[in-house]
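**Student:** File name start_18.pdb; file contents PDB, C-alpha atoms, pLDDT in the B column; full text below.
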ATOM      1  CA  MET A   1       0.000   0.000   0.000  1.00 61.00           C
ATOM      2  CA  CYS A   2       3.014   2.332   0.339  1.00 75.00           C
ATOM      3  CA  ARG A   3       3.959   4.718  -2.444  1.00 85.00           C
ATOM      4  CA  ILE A   4       7.334   6.183  -3.451  1.00 88.00           C
ATOM      5  CA  ALA A   5       8.034   9.256  -5.612  1.00 91.00           C
ATOM      6  CA  GLY A   6      11.286  10.979  -6.393  1.00 93.00           C
ATOM      7  CA  LEU A   7      13.706  12.770  -8.652  1.00 93.00           C
ATOM      8  CA  ALA A   8      17.408  12.177  -9.253  1.00 93.00           C
ATOM      9  CA  GLY A   9      19.968  14.361 -10.948  1.00 95.00           C
ATOM     10  CA  ALA A  10      22.534  17.049 -10.334  1.00 94.00           C
ATOM     11  CA  ASP A  11      19.908  19.612  -9.294  1.00 94.00           C
ATOM     12  CA  ALA A  12      17.348  17.303  -7.685  1.00 94.00           C
ATOM     13  CA  VAL A  13      17.434  19.151  -4.358  1.00 94.00           C
ATOM     14  CA  ARG A  14      16.030  22.249  -6.109  1.00 96.00           C
ATOM     15  CA  HIS A  15      12.822  20.265  -6.621  1.00 95.00           C
ATOM     16  CA  GLU A  16      12.369  19.092  -3.028  1.00 93.00           C
ATOM     17  CA  GLN A  17       9.014  20.895  -2.630  1.00 95.00           C
ATOM     18  CA  THR A  18       7.757  19.323  -5.867  1.00 95.00           C
ATOM     19  CA  VAL A  19       8.647  15.847  -4.647  1.00 94.00           C
ATOM     20  CA  GLY A  20       6.969  16.619  -1.321  1.00 92.00           C
ATOM     21  CA  ALA A  21       3.818  17.607  -3.211  1.00 94.00           C
ATOM     22  CA  MET A  22       4.037  14.398  -5.266  1.00 92.00           C
ATOM     23  CA  GLY A  23       4.073  12.416  -2.023  1.00 89.00           C
ATOM     24  CA  ALA A  24       1.192  14.417  -0.576  1.00 90.00           C
ATOM     25  CA  THR A  25      -1.035  13.494  -3.526  1.00 90.00           C
ATOM     26  CA  HIS A  26      -0.581   9.827  -2.592  1.00 86.00           C
ATOM     27  CA  ALA A  27      -1.039  10.229   1.173  1.00 83.00           C
ATOM     28  CA  HIS A  28      -4.025   7.876   1.082  1.00 83.00           C
ATOM     29  CA  ARG A  29      -1.632   5.078  -0.039  1.00 81.00           C
ATOM     30  CA  GLY A  30       0.364   5.328   3.178  1.00 79.00           C
ATOM     31  CA  PRO A  31      -1.979   6.513   5.894  1.00 82.00           C
ATOM     32  CA  ASP A  32       0.649   6.227   8.651  1.00 82.00           C
ATOM     33  CA  GLY A  33       2.859   9.007   7.358  1.00 81.00           C
ATOM     34  CA  THR A  34       4.218  10.849   4.359  1.00 86.00           C
ATOM     35  CA  MET A  35       7.759  12.186   4.475  1.00 86.00           C
ATOM     36  CA  HIS A  36      10.287  13.435   1.968  1.00 89.00           C
ATOM     37  CA  ALA A  37      14.049  13.926   2.188  1.00 89.00           C
ATOM     38  CA  ALA A  38      17.041  14.871   0.065  1.00 91.00           C
ATOM     39  CA  ALA A  39      20.226  12.829  -0.180  1.00 89.00           C
ATOM     40  CA  SER A  40      23.281  14.358   1.471  1.00 87.00           C
ATOM     41  CA  ASP A  41      24.783  15.278  -1.901  1.00 90.00           C
ATOM     42  CA  GLY A  42      21.502  16.828  -3.125  1.00 91.00           C
ATOM     43  CA  GLN A  43      21.354  14.567  -6.179  1.00 93.00           C
ATOM     44  CA  ALA A  44      18.228  12.668  -5.124  1.00 92.00           C
ATOM     45  CA  VAL A  45      14.969  13.596  -3.427  1.00 94.00           C
ATOM     46  CA  LEU A  46      12.511  10.909  -2.347  1.00 92.00           C
ATOM     47  CA  SER A  47       9.025  10.935  -0.909  1.00 91.00           C
ATOM     48  CA  MET A  48       7.521   7.889   0.770  1.00 88.00           C
ATOM     49  CA  ASN A  49       4.014   7.137   2.014  1.00 87.00           C
ATOM     50  CA  THR A  50       4.088   4.553   4.766  1.00 82.00           C
ATOM     51  CA  LEU A  51       1.693   1.904   6.007  1.00 81.00           C
ATOM     52  CA  LEU A  52       3.262   0.601   9.226  1.00 78.00           C
ATOM     53  CA  ILE A  53       2.844  -3.129   9.737  1.00 77.00           C
ATOM     54  CA  VAL A  54       5.962  -4.569  11.399  1.00 71.00           C
ATOM     55  CA  ASP A  55       6.414  -1.743  13.923  1.00 72.00           C
ATOM     56  CA  PRO A  56       3.420   0.585  14.352  1.00 76.00           C
ATOM     57  CA  GLN A  57       5.659   3.067  16.226  1.00 75.00           C
ATOM     58  CA  ALA A  58       8.266   3.297  13.448  1.00 73.00           C
ATOM     59  CA  MET A  59       9.219   6.538  11.757  1.00 73.00           C
ATOM     60  CA  PRO A  60       7.923   6.889   8.188  1.00 75.00           C
ATOM     61  CA  GLY A  61      10.562   6.848   5.432  1.00 76.00           C
ATOM     62  CA  PRO A  62      12.539   7.685   3.431  1.00 80.00           C
ATOM     63  CA  TYR A  63      15.409   6.985   5.780  1.00 75.00           C
ATOM     64  CA  LEU A  64      18.437   9.242   5.408  1.00 77.00           C
ATOM     65  CA  ASP A  65      21.579   7.757   6.920  1.00 73.00           C
ATOM     66  CA  ARG A  66      23.672  10.863   7.594  1.00 73.00           C
ATOM     67  CA  ASP A  67      26.916   8.915   8.059  1.00 74.00           C
ATOM     68  CA  SER A  68      26.841   7.228   4.643  1.00 75.00           C
ATOM     69  CA  GLY A  69      24.553   9.585   2.711  1.00 76.00           C
ATOM     70  CA  VAL A  70      22.364   6.636   1.708  1.00 76.00           C
ATOM     71  CA  LEU A  71      18.699   7.572   1.212  1.00 81.00           C
ATOM     72  CA  PRO A  72      16.686   4.336   1.011  1.00 78.00           C
ATOM     73  CA  ALA A  73      12.960   4.108   0.465  1.00 79.00           C
ATOM     74  CA  PHE A  74      11.271   0.810  -0.115  1.00 73.00           C
ATOM     75  CA  ASN A  75       7.849  -0.601  -0.723  1.00 72.00           C
ATOM     76  CA  GLY A  76       7.071  -3.799   1.096  1.00 66.00           C
ATOM     77  CA  GLU A  77       8.134  -5.592   4.235  1.00 69.00           C
ATOM     78  CA  ILE A  78      11.360  -7.338   5.168  1.00 70.00           C
ATOM     79  CA  TYR A  79       9.928 -10.095   7.321  1.00 73.00           C
ATOM     80  CA  ASN A  80      13.280 -11.777   8.049  1.00 77.00           C
ATOM     81  CA  TYR A  81      15.116  -8.547   8.871  1.00 73.00           C
ATOM     82  CA  ARG A  82      16.373  -9.892  12.200  1.00 77.00           C
ATOM     83  CA  GLN A  83      17.996 -12.882  10.499  1.00 83.00           C
ATOM     84  CA  GLN A  84      19.463 -10.672   7.745  1.00 78.00           C
ATOM     85  CA  ALA A  85      20.893  -8.222  10.268  1.00 75.00           C
ATOM     86  CA  ALA A  86      22.458 -11.089  12.246  1.00 80.00           C
ATOM     87  CA  ALA A  87      23.943 -12.618   9.087  1.00 83.00           C
ATOM     88  CA  TRP A  88      25.489  -9.254   8.114  1.00 74.00           C
ATOM     89  CA  GLY A  89      26.661  -8.437  11.657  1.00 77.00           C
ATOM     90  CA  ILE A  90      24.422  -5.363  11.915  1.00 71.00           C
ATOM     91  CA  PRO A  91      23.260  -4.467  15.436  1.00 71.00           C
ATOM     92  CA  LEU A  92      19.574  -3.593  15.701  1.00 69.00           C
ATOM     93  CA  SER A  93      18.465  -0.976  18.207  1.00 64.00           C
ATOM     94  CA  HIS A  94      14.789  -1.038  17.192  1.00 62.00           C
ATOM     95  CA  ARG A  95      12.065  -3.282  15.749  1.00 60.00           C
ATOM     96  CA  GLN A  96      11.935  -1.639  12.340  1.00 58.00           C
ATOM     97  CA  ASP A  97      12.286  -3.876   9.301  1.00 54.00           C
ATOM     98  CA  ARG A  98      14.396  -1.240   7.541  1.00 55.00           C
ATOM     99  CA  GLY A  99      17.093  -1.590  10.218  1.00 53.00           C
ATOM    100  CA  PRO A 100      19.548  -3.543   8.061  1.00 51.00           C
ATOM    101  CA  LEU A 101      19.386  -1.025   5.186  1.00 57.00           C
ATOM    102  CA  PRO A 102      20.906   2.418   5.860  1.00 54.00           C
ATOM    103  CA  GLY A 103      24.659   2.588   5.948  1.00 51.00           C
ATOM    104  CA  HIS A 104      25.097  -1.058   5.071  1.00 48.00           C
ATOM    105  CA  LEU A 105      24.260  -1.040   1.374  1.00 47.00           C
ATOM    106  CA  PRO A 106      27.019  -1.415  -1.183  1.00 43.00           C
ATOM    107  CA  PRO A 107      27.801   1.783  -3.084  1.00 42.00           C
ATOM    108  CA  CYS A 108      25.684   2.399  -6.188  1.00 40.00           C
ATOM    109  CA  PRO A 109      27.542   1.910  -9.477  1.00 38.00           C
ATOM    110  CA  ARG A 110      27.961   5.100 -11.492  1.00 36.00           C
TER     111      ARG A 110
END
Would it be possible to restate this file's structure as structure tokens?

**Tutor:**
Amino acid sequence: MCRIAGLAGADAVRHEQTVGAMGATHAHRGPDGTMHAAASDGQAVLSMNTLLIVDPQAMPGPYLDRDSGVLPAFNGEIYNYRQQAAAWGIPLSHRQDRGPLPGHLPPCPR
């Protein structure tokens, strides 16, 4: 039920309000929260509508990891996130299924 919208490119951050408006038009697809964020380098802006299932107290995405600059947004659930985090040696400090993602993704190819 979640929805993702975004723009990528050298000047993507200039369109942050537009991406926020894109997300707002789909708020009914993620009734638990609509957020938008820009990547640390300003080359991507994402909006995500969230339906919280795994952890009803979780923060809506997208999820900016300030240390790595990674800006993940995803649609769906990672039901085995605890097992994946353990296999990758990633400590979890919360019950959110996105826990294994930020800061632990391989770099994107250019």

**Student:** For this file, the PyMOL selection byres ((chain A and resi 21) around 12) selects which residues, as a short mmCIF file (atom, residue, chain, number, x, y, z; two decimals) with C-alpha atoms, in the coordinates of the input?

**Tutor:**
data_model
loop_
_atom_site.label_atom_id
_atom_site.label_comp_id
_atom_site.auth_asym_id
_atom_site.auth_seq_id
_atom_site.Cartn_x
_atom_site.Cartn_y
_atom_site.Cartn_z
CA ILE A 4 7.33 6.18 -3.45
CA ALA A 5 8.03 9.26 -5.61
CA GLY A 6 11.29 10.98 -6.39
CA HIS A 15 12.82 20.26 -6.62
CA GLU A 16 12.37 19.09 -3.03
CA GLN A 17 9.01 20.90 -2.63
CA THR A 18 7.76 19.32 -5.87
CA VAL A 19 8.65 15.85 -4.65
CA GLY A 20 6.97 16.62 -1.32
CA MET A 22 4.04 14.40 -5.27
CA GLY A 23 4.07 12.42 -2.02
CA ALA A 24 1.19 14.42 -0.58
CA THR A 25 -1.03 13.49 -3.53
CA HIS A 26 -0.58 9.83 -2.59
CA ALA A 27 -1.04 10.23 1.17
CA THR A 34 4.22 10.85 4.36
CA MET A 35 7.76 12.19 4.47
CA HIS A 36 10.29 13.44 1.97
CA VAL A 45 14.97 13.60 -3.43
CA LEU A 46 12.51 10.91 -2.35
CA SER A 47 9.02 10.94 -0.91
CA MET A 48 7.52 7.89 0.77
CA ASN A 49 4.01 7.14 2.01
#

**Student:** Contacts of Ala73 (chain A) at 7 Å or less, counting all atoms listed in the file, minus same-chain residues fewer than 3 places along, as a list in words?

**Tutor:**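 Those residues are Met48, Gly61, Pro62 and Tyr63 of chain A.
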
**Student:** Give me, as a ChimeraX atom specification, all polymer residues having an atom no more than 8 Å from Thr50 (chain A), counting only C-alpha atoms and skipping those fewer than 3 positions away in the same chain.

**Tutor:** /A:1-3,29-34,60-61

**Student:** Rounded to one decimal place, report the CA of Leu64 (chain A)-CA of Asp41 (chain A) distance in Å.

**Tutor:**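 Between CA of Leu64 (chain A) and CA of Asp41 (chain A) the gap works out to 11.4 Å.
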
**Student:** Please evaluate the PyMOL selection byres ((chain A and resi 66) around 12) against the displayed coordinates and give the resulting residues as a PyMOL selection string.

**Tutor:** chain A and resi 37-41+63-65+67-72+102-103

**Student:** Report the distance between CA of Met59 (chain A) and CA of Ile78 (chain A) in Å, rounded to one decimal place.

**Tutor:**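 Taking CA of Met59 (chain A) and CA of Ile78 (chain A), their separation equals 15.5 Å.
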
**Student:** CA of Asn75 (chain A) and CA of Pro56 (chain A) are how many Å apart?

**Tutor:**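 Computing the Euclidean distance for CA of Asn75 (chain A) and CA of Pro56 (chain A) yields 15.8 Å.
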
**Student:** What are the centre and the three edge lengths of an axis-aligned box that wraps all atoms of region 29-41 of chain A in the file, given that 5 Å is added to every side, written as lines of an AutoDock Vina configuration file and rounded to one decimal in Å?

**Tutor:**
center_x = 11.4
center_y = 10.2
center_z = 3.4
size_x = 36.8
size_y = 20.2
size_z = 20.6

**Student:** Find the residue from A:Ala85, A:Gly42, A:Leu51, A:Pro91 that sits nearest to Asp11 (chain A); use all atoms listed in the file when measuring.

**Tutor:**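 Between A:Ala85, A:Gly42, A:Leu51, A:Pro91, the residue approaching Asp11 (chain A) most closely is A:Gly42.
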
**Student:** What's the 6 Å shell around Gln43 (chain A), counting only C-alpha atoms, without same-chain residues fewer than 4 positions away, as a list in words?

**Tutor:** Ala8, Gly9, Ala10 and Ala12 of chain A
